[in-house]
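Here's my_file.cif, which has mmCIF, C-alpha atoms and all ligand atoms:
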```
data_input
loop_
_atom_site.label_atom_id
_atom_site.label_comp_id
_atom_site.auth_asym_id
_atom_site.auth_seq_id
_atom_site.Cartn_x
_atom_site.Cartn_y
_atom_site.Cartn_z
CA MET N 17 16.26 87.34 -49.16
CA SER N 18 18.38 84.18 -48.97
CA LEU N 19 20.48 83.29 -52.02
CA VAL N 20 19.55 79.80 -53.19
CA ILE N 21 21.59 77.33 -55.20
CA ALA N 22 19.58 74.39 -56.54
CA ILE N 23 21.52 71.24 -57.42
CA ASP N 24 19.73 68.29 -59.00
CA GLY N 25 20.88 65.05 -60.54
CA PRO N 26 20.68 61.27 -60.39
CA ALA N 27 22.19 59.01 -57.72
CA ALA N 28 26.01 59.01 -57.49
CA SER N 29 26.37 61.89 -59.95
CA GLY N 30 28.57 63.68 -57.44
CA LYS N 31 25.94 66.30 -56.59
CA GLY N 32 26.06 65.72 -52.82
CA THR N 33 29.84 66.16 -52.55
CA LEU N 34 29.61 69.20 -54.79
CA ALA N 35 26.73 70.74 -52.82
CA ARG N 36 28.55 70.33 -49.49
CA ARG N 37 31.73 71.89 -50.85
CA ILE N 38 29.91 74.83 -52.47
CA ALA N 39 28.02 75.49 -49.23
CA ALA N 40 31.23 75.37 -47.17
CA THR N 41 33.02 77.70 -49.62
CA LEU N 42 30.25 80.30 -49.60
CA GLY N 43 29.35 79.92 -45.91
CA PHE N 44 25.84 78.78 -46.90
CA ALA N 45 23.65 76.18 -45.22
CA HIS N 46 23.24 72.83 -47.00
CA LEU N 47 20.22 70.54 -47.19
CA ASP N 48 20.50 67.05 -48.69
CA THR N 49 16.82 66.65 -49.59
CA GLY N 50 17.31 62.97 -50.46
CA GLY N 51 17.81 62.52 -46.72
CA LEU N 52 14.20 63.55 -46.13
CA TYR N 53 12.86 60.88 -48.49
CA ARG N 54 15.29 58.40 -46.98
CA ALA N 55 13.94 59.32 -43.52
CA VAL N 56 10.40 58.48 -44.67
CA GLY N 57 11.65 55.23 -46.23
CA LEU N 58 13.50 54.31 -43.03
CA VAL N 59 10.44 54.96 -40.86
CA ARG N 60 8.40 52.65 -43.10
CA LEU N 61 11.07 49.91 -43.05
CA ARG N 62 11.21 50.09 -39.25
CA GLN N 63 7.44 49.85 -39.08
CA GLY N 64 7.82 46.64 -41.05
CA GLY N 65 5.53 48.01 -43.73
CA ASP N 66 5.61 47.97 -47.51
CA PRO N 67 7.21 51.22 -48.80
CA ALA N 68 4.77 51.07 -51.72
CA ASP N 69 1.82 51.58 -49.35
CA ALA N 70 1.02 55.17 -50.37
CA VAL N 71 -1.32 55.97 -47.47
CA ALA N 72 1.13 54.76 -44.81
CA ALA N 73 4.03 56.56 -46.53
CA ALA N 74 2.07 59.83 -46.49
CA VAL N 75 1.24 59.39 -42.79
CA ALA N 76 4.94 58.75 -42.06
CA ALA N 77 5.97 61.86 -44.03
CA ARG N 78 3.42 64.08 -42.26
CA SER N 79 4.53 62.82 -38.86
CA LEU N 80 8.12 64.03 -39.34
CA THR N 81 9.20 67.03 -37.26
CA PRO N 82 12.42 69.06 -37.48
CA ASP N 83 13.65 67.08 -34.44
CA SER N 84 12.83 63.65 -35.81
CA ILE N 85 14.33 64.64 -39.17
CA GLY N 86 17.55 65.55 -37.32
CA THR N 87 17.64 62.18 -35.55
CA LEU N 88 16.77 60.09 -38.61
CA THR N 89 19.19 61.84 -40.96
CA ALA N 90 22.04 61.24 -38.47
CA ASP N 91 21.22 57.50 -38.30
CA PRO N 92 23.82 55.35 -40.15
CA ALA N 93 20.92 53.21 -41.50
CA LEU N 94 19.90 56.20 -43.63
CA ARG N 95 22.77 55.43 -46.03
CA ALA N 96 21.92 51.73 -46.52
CA ASP N 97 20.92 50.63 -50.02
CA GLU N 98 17.70 49.17 -48.63
CA THR N 99 16.80 52.65 -47.33
CA ALA N 100 17.71 54.21 -50.70
CA ARG N 101 15.36 51.80 -52.46
CA ALA N 102 12.54 52.52 -50.00
CA ALA N 103 13.18 56.27 -50.43
CA SER N 104 12.90 55.98 -54.17
CA VAL N 105 9.55 54.17 -53.79
CA VAL N 106 7.99 56.53 -51.21
CA SER N 107 9.20 59.56 -53.18
CA ALA N 108 6.83 58.68 -56.04
CA VAL N 109 3.84 59.25 -53.72
CA PRO N 110 2.46 62.78 -54.35
CA ALA N 111 1.27 63.22 -50.73
CA VAL N 112 4.78 62.38 -49.46
CA ARG N 113 6.30 65.05 -51.72
CA ALA N 114 3.66 67.59 -50.63
CA ALA N 115 4.35 66.86 -46.94
CA LEU N 116 8.08 67.53 -47.36
CA LEU N 117 7.73 70.68 -49.46
CA ASP N 118 7.28 73.27 -46.69
CA PHE N 119 10.29 72.01 -44.74
CA GLN N 120 12.50 72.38 -47.84
CA ARG N 121 11.14 75.81 -48.78
CA ASP N 122 11.48 77.09 -45.20
CA PHE N 123 15.10 75.93 -45.19
CA ALA N 124 15.75 77.76 -48.48
CA ARG N 125 13.97 80.94 -47.38
CA THR N 126 15.40 81.08 -43.85
CA PRO N 127 18.59 79.00 -43.69
CA PRO N 128 19.69 77.92 -40.20
CA ALA N 129 22.26 79.90 -38.22
CA GLY N 130 21.46 83.06 -40.14
CA ALA N 131 23.42 81.92 -43.21
CA ALA N 132 23.20 84.29 -46.18
CA GLY N 133 22.18 81.50 -48.52
CA ALA N 134 21.33 77.84 -48.91
CA VAL N 135 22.39 75.00 -51.18
CA LEU N 136 19.72 72.34 -51.64
CA ASP N 137 20.46 69.16 -53.54
CA GLY N 138 17.97 66.60 -54.78
CA ARG N 139 15.92 65.71 -57.84
CA ASP N 140 13.35 68.52 -58.14
CA ILE N 141 14.91 71.54 -56.45
CA GLY N 142 15.27 73.68 -59.57
CA THR N 143 11.95 72.56 -61.04
CA VAL N 144 9.55 72.37 -58.06
CA VAL N 145 11.00 73.27 -54.65
CA CYS N 146 12.87 76.47 -55.60
CA PRO N 147 11.93 77.31 -59.20
CA ASP N 148 13.10 80.92 -58.66
CA ALA N 149 16.60 79.98 -57.47
CA PRO N 150 19.10 82.28 -59.20
CA ALA N 151 21.64 79.45 -59.67
CA LYS N 152 20.60 75.97 -60.79
CA LEU N 153 22.87 73.09 -61.67
CA PHE N 154 22.00 69.68 -63.06
CA VAL N 155 24.82 67.26 -62.35
CA THR N 156 25.05 64.06 -64.38
CA ALA N 157 27.46 61.27 -65.29
CA THR N 158 26.98 58.14 -67.36
CA THR N 159 25.26 55.24 -65.61
CA GLU N 160 28.46 53.18 -65.82
CA VAL N 161 30.58 55.89 -64.20
CA ARG N 162 27.99 56.36 -61.44
CA ALA N 163 27.83 52.61 -60.78
CA GLU N 164 31.66 52.48 -60.58
CA ARG N 165 31.65 55.34 -58.08
CA ARG N 166 28.95 53.72 -55.95
CA LEU N 167 30.80 50.37 -56.02
CA LYS N 168 34.02 52.07 -54.88
CA GLU N 169 32.15 53.86 -52.10
CA LEU N 170 30.52 50.62 -50.88
CA LEU N 171 33.79 48.67 -50.96
CA GLY N 172 35.50 51.58 -49.17
CA ARG N 173 32.91 51.26 -46.40
CA GLY N 174 33.68 47.54 -46.14
CA ILE N 175 30.37 46.54 -47.74
CA GLY N 176 30.68 43.63 -50.19
CA ALA N 177 29.13 44.40 -53.59
CA ILE N 178 29.52 43.45 -57.24
CA TYR N 179 29.41 45.82 -60.19
CA ALA N 180 26.53 44.09 -62.01
CA ASP N 181 24.22 44.39 -58.97
CA VAL N 182 25.15 48.01 -58.34
CA LEU N 183 24.55 48.86 -62.01
CA LYS N 184 21.15 47.16 -62.01
CA ASP N 185 20.14 48.93 -58.81
CA MET N 186 21.21 52.26 -60.34
CA LEU N 187 19.21 51.61 -63.54
CA ASP N 188 16.09 50.65 -61.52
CA ARG N 189 16.36 53.74 -59.33
CA ASP N 190 16.98 56.06 -62.33
CA ALA N 191 13.90 54.63 -64.06
CA ARG N 192 11.71 55.15 -60.97
CA ASP N 193 13.02 58.67 -60.31
CA SER N 194 12.74 59.82 -63.95
CA GLN N 195 9.48 58.17 -64.92
CA ARG N 196 7.28 58.99 -61.94
CA ALA N 197 4.30 61.24 -62.64
CA VAL N 198 5.05 63.84 -59.95
CA ALA N 199 8.25 65.92 -59.94
CA PRO N 200 10.31 63.50 -62.06
CA LEU N 201 14.05 63.92 -62.36
CA VAL N 202 14.46 66.40 -65.24
CA PRO N 203 16.79 69.37 -65.62
CA ALA N 204 15.17 72.79 -65.16
CA ALA N 205 15.14 74.74 -68.45
CA ASP N 206 17.58 77.28 -66.98
CA ALA N 207 19.92 74.79 -65.26
CA PHE N 208 23.64 74.60 -66.01
CA LEU N 209 24.32 71.03 -67.16
CA LEU N 210 27.45 69.62 -65.57
CA ASP N 211 28.51 66.19 -66.82
CA THR N 212 31.08 64.86 -64.35
CA SER N 213 31.79 61.58 -66.23
CA SER N 214 35.33 62.62 -67.11
CA LEU N 215 35.89 65.22 -64.39
CA ASP N 216 37.46 64.72 -60.99
CA ALA N 217 35.93 66.36 -57.91
CA GLU N 218 38.23 69.39 -58.24
CA GLN N 219 37.34 70.02 -61.89
CA ALA N 220 33.62 69.61 -61.19
CA PHE N 221 33.87 72.08 -58.31
CA ASP N 222 35.75 74.67 -60.43
CA ALA N 223 33.19 74.43 -63.25
CA ALA N 224 30.29 74.77 -60.80
CA MET N 225 31.81 77.80 -59.03
CA THR N 226 32.56 79.54 -62.34
CA PHE N 227 28.91 79.15 -63.30
CA ILE N 228 27.58 80.22 -59.87
CA ARG N 229 29.74 83.36 -59.79
CA SER N 230 28.31 84.36 -63.17
CA ARG N 231 24.78 84.39 -61.73
CA PRO N 232 22.94 87.44 -60.34
CA GLY N 233 23.80 88.10 -56.70
CA PHE N 234 26.87 85.84 -56.66
CA SER N 235 29.60 87.97 -58.21
CA GLY N 236 32.41 88.58 -55.71
CA ARG N 237 31.36 85.63 -53.48
O1 LIG F 1 19.82 61.47 -53.37
P1 LIG F 1 19.41 60.20 -52.62
O2 LIG F 1 19.97 58.95 -53.21
O3 LIG F 1 19.67 60.31 -51.17
O4 LIG F 1 17.81 60.14 -52.79
C1 LIG F 1 17.04 59.06 -52.33
C2 LIG F 1 15.72 59.02 -53.10
O5 LIG F 1 14.92 60.13 -52.75
C3 LIG F 1 15.88 59.07 -54.61
O6 LIG F 1 15.86 57.79 -55.19
C4 LIG F 1 14.72 59.90 -55.08
C5 LIG F 1 14.24 60.63 -53.88
N1 LIG F 1 14.39 62.09 -53.95
C6 LIG F 1 13.40 62.80 -54.56
O7 LIG F 1 12.46 62.22 -55.08
N2 LIG F 1 13.44 64.17 -54.59
C7 LIG F 1 14.48 64.83 -54.04
N3 LIG F 1 14.50 66.17 -54.07
C8 LIG F 1 15.53 64.09 -53.43
C9 LIG F 1 15.47 62.72 -53.42
#
```
How does this structure look as structure tokens?
Amino acid sequence: MSLVIAIDGPAASGKGTLARRIAATLGFAHLDTGGLYRAVGLVRLRQGGDPADAVAAAVAARSLTPDSIGTLTADPALRADETARAASVVSAVPAVRAALLDFQRDFARTPPAGAAGAVLDGRDIGTVVCPDAPAKLFVTATTEVRAERRLKELLGRGIGAIYADVLKDMLDRDARDSQRAVAPLVPAADAFLLDTSSLDAEQAFDAAMTFIRSRPGFSGR
């Protein structure tokens, strides 16, 4: 049985960085599930279609294969804000979520390269994808802190952006992700809430590892 760590939280909460570091520390495999929704969004953008077209989004999600997922998630366009917006729209379509479920659960159950466990990060890992995960974290930060972090990241990548636009984009995306009918962004009842607003990456990592090591199956790891 693979040991699963479920990490959920809103955009720019720091969950991706945290998930990668936890996976590397424990020698676990890592799946950024947002990348799967971004892959569907990117396919739709490249088809020149409207991401809000639910039928076409479902067809695009069902057509993904492990190979095409590998290619799309390595594409630099996956990280573009336009792709993030499209991902947030297609992810509200129930048939898109259903199409991506097996891939995520297979990864958790049988992580690649024979890893002893898997870290999955996203919005609904602890609530829907892996409700039995023995360690669940919900990573948050205030909207303003998350917008600051995203702005810094964009400027660091040489992409021009202004704080007000980034903040608005963040608020729009939060609203879509939290208010959708299917698998909305909510903490699982048994998740450890980690607010990173006033923590640096090191402090967030230490708090997460202390929690994880207190969970069944993780002591001594
Ligand atoms: O984490 P991210 O920014 O890469 O996610 C992109 C979008 O995908 C996000 O706005 C919501 C959606 N998503 C989701 O609905 N469920 C997940 N498990 C992961 C992401």
Give me the region 67-116 of chain N side of the contact with region 180-193 of chain N, cut-off 12 Å, one line per residue showing its nearest atom pair and distance in Å at one decimal, counting all atoms listed in the file, sorted by chain and residue number, as a tab-separated table.
```
residue	atom	partner	partner_atom	distance
N:Asp97	CA	N:Asp185	CA	9.0
N:Glu98	CA	N:Asp185	CA	10.5
N:Ala100	CA	N:Arg189	CA	8.7
N:Arg101	CA	N:Arg189	CA	7.2
N:Ala102	CA	N:Arg189	CA	10.2
N:Ala103	CA	N:Arg189	CA	9.8
N:Ser104	CA	N:Arg189	CA	6.6
N:Val105	CA	N:Arg192	CA	7.6
N:Val106	CA	N:Arg192	CA	10.5
N:Ser107	CA	N:Asp193	CA	8.1
N:Ala108	CA	N:Asp193	CA	7.5
N:Val109	CA	N:Asp193	CA	11.3
```
Protein and nucleic acid residues near (16.1, 71.5, -62.3) (cut-off 12 Å, all atoms listed in the file) as a compact mmCIF listing (two decimals) with C-alpha atoms, in the frame of the given file:
```txt
# COMPACT_ATOMS: atom_id res chain seq x y z
CA ILE N 21 21.59 77.33 -55.20
CA ALA N 22 19.58 74.39 -56.54
CA ILE N 23 21.52 71.24 -57.42
CA ASP N 24 19.73 68.29 -59.00
CA GLY N 25 20.88 65.05 -60.54
CA PRO N 26 20.68 61.27 -60.39
CA LEU N 136 19.72 72.34 -51.64
CA ASP N 137 20.46 69.16 -53.54
CA GLY N 138 17.97 66.60 -54.78
CA ARG N 139 15.92 65.71 -57.84
CA ASP N 140 13.35 68.52 -58.14
CA ILE N 141 14.91 71.54 -56.45
CA GLY N 142 15.27 73.68 -59.57
CA THR N 143 11.95 72.56 -61.04
CA VAL N 144 9.55 72.37 -58.06
CA VAL N 145 11.00 73.27 -54.65
CA CYS N 146 12.87 76.47 -55.60
CA PRO N 147 11.93 77.31 -59.20
CA ASP N 148 13.10 80.92 -58.66
CA ALA N 149 16.60 79.98 -57.47
CA PRO N 150 19.10 82.28 -59.20
CA ALA N 151 21.64 79.45 -59.67
CA LYS N 152 20.60 75.97 -60.79
CA LEU N 153 22.87 73.09 -61.67
CA PHE N 154 22.00 69.68 -63.06
CA VAL N 155 24.82 67.26 -62.35
CA THR N 156 25.05 64.06 -64.38
CA ALA N 199 8.25 65.92 -59.94
CA PRO N 200 10.31 63.50 -62.06
CA LEU N 201 14.05 63.92 -62.36
CA VAL N 202 14.46 66.40 -65.24
CA PRO N 203 16.79 69.37 -65.62
CA ALA N 204 15.17 72.79 -65.16
CA ALA N 205 15.14 74.74 -68.45
CA ASP N 206 17.58 77.28 -66.98
CA ALA N 207 19.92 74.79 -65.26
CA PHE N 208 23.64 74.60 -66.01
CA LEU N 209 24.32 71.03 -67.16
CA LEU N 210 27.45 69.62 -65.57
```
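Of the listed residues (N:Ala90, N:Val198, N:Arg62, N:Val135), N:Val135 comes nearest to Ile228 (chain N); the distances count all atoms listed in the file.
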| request: In the coordinate frame of the file, compute which residues have an atom within 12 Å of (12.8, 67.4, -38.5) when using all atoms listed in the file, and state them as a PyMOL selection string. | output: chain N and resi 47+49+51-53+55-56+77-90+115-116+118-120+122-123
For the selection just defined, write its residues with C-alpha atoms to a file, as an mmCIF file, in the frame of the given file.
```cif
data_model
loop_
_atom_site.group_PDB
_atom_site.id
_atom_site.type_symbol
_atom_site.label_atom_id
_atom_site.label_comp_id
_atom_site.auth_asym_id
_atom_site.auth_seq_id
_atom_site.Cartn_x
_atom_site.Cartn_y
_atom_site.Cartn_z
ATOM 1 C CA LEU N 47 20.220 70.540 -47.190
ATOM 2 C CA THR N 49 16.820 66.650 -49.590
ATOM 3 C CA GLY N 51 17.810 62.520 -46.720
ATOM 4 C CA LEU N 52 14.200 63.550 -46.130
ATOM 5 C CA TYR N 53 12.860 60.880 -48.490
ATOM 6 C CA ALA N 55 13.940 59.320 -43.520
ATOM 7 C CA VAL N 56 10.400 58.480 -44.670
ATOM 8 C CA ALA N 77 5.970 61.860 -44.030
ATOM 9 C CA ARG N 78 3.420 64.080 -42.260
ATOM 10 C CA SER N 79 4.530 62.820 -38.860
ATOM 11 C CA LEU N 80 8.120 64.030 -39.340
ATOM 12 C CA THR N 81 9.200 67.030 -37.260
ATOM 13 C CA PRO N 82 12.420 69.060 -37.480
ATOM 14 C CA ASP N 83 13.650 67.080 -34.440
ATOM 15 C CA SER N 84 12.830 63.650 -35.810
ATOM 16 C CA ILE N 85 14.330 64.640 -39.170
ATOM 17 C CA GLY N 86 17.550 65.550 -37.320
ATOM 18 C CA THR N 87 17.640 62.180 -35.550
ATOM 19 C CA LEU N 88 16.770 60.090 -38.610
ATOM 20 C CA THR N 89 19.190 61.840 -40.960
ATOM 21 C CA ALA N 90 22.040 61.240 -38.470
ATOM 22 C CA ALA N 115 4.350 66.860 -46.940
ATOM 23 C CA LEU N 116 8.080 67.530 -47.360
ATOM 24 C CA ASP N 118 7.280 73.270 -46.690
ATOM 25 C CA PHE N 119 10.290 72.010 -44.740
ATOM 26 C CA GLN N 120 12.500 72.380 -47.840
ATOM 27 C CA ASP N 122 11.480 77.090 -45.200
ATOM 28 C CA PHE N 123 15.100 75.930 -45.190
#
```
| message | Between CA of Ala72 (chain N) and CA of Ala124 (chain N), what is the distance in Å, rounded to a tenth? | response |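 According to the coordinates, CA of Ala72 (chain N) and CA of Ala124 (chain N) are separated by 27.5 Å.
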| query | Closest to Thr126 (chain N) among N:Ala28, N:Leu170, N:Leu61, N:Met17, using all atoms listed in the file? | reply |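 Using all atoms listed in the file, the shortest distance to Thr126 (chain N) belongs to N:Met17.
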| note | Between N:Ser194, N:Ser235, N:Thr159, N:Ser18, smallest distance to ligand LIG 1 (chain F) by all atoms listed in the file belongs to N:Ser194
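Each of N:Arg121, N:Thr33, N:Gly57, N:Ala93 was compared to Ala134 (chain N) using only C-alpha atoms, and N:Arg121 turns out to be the nearest.
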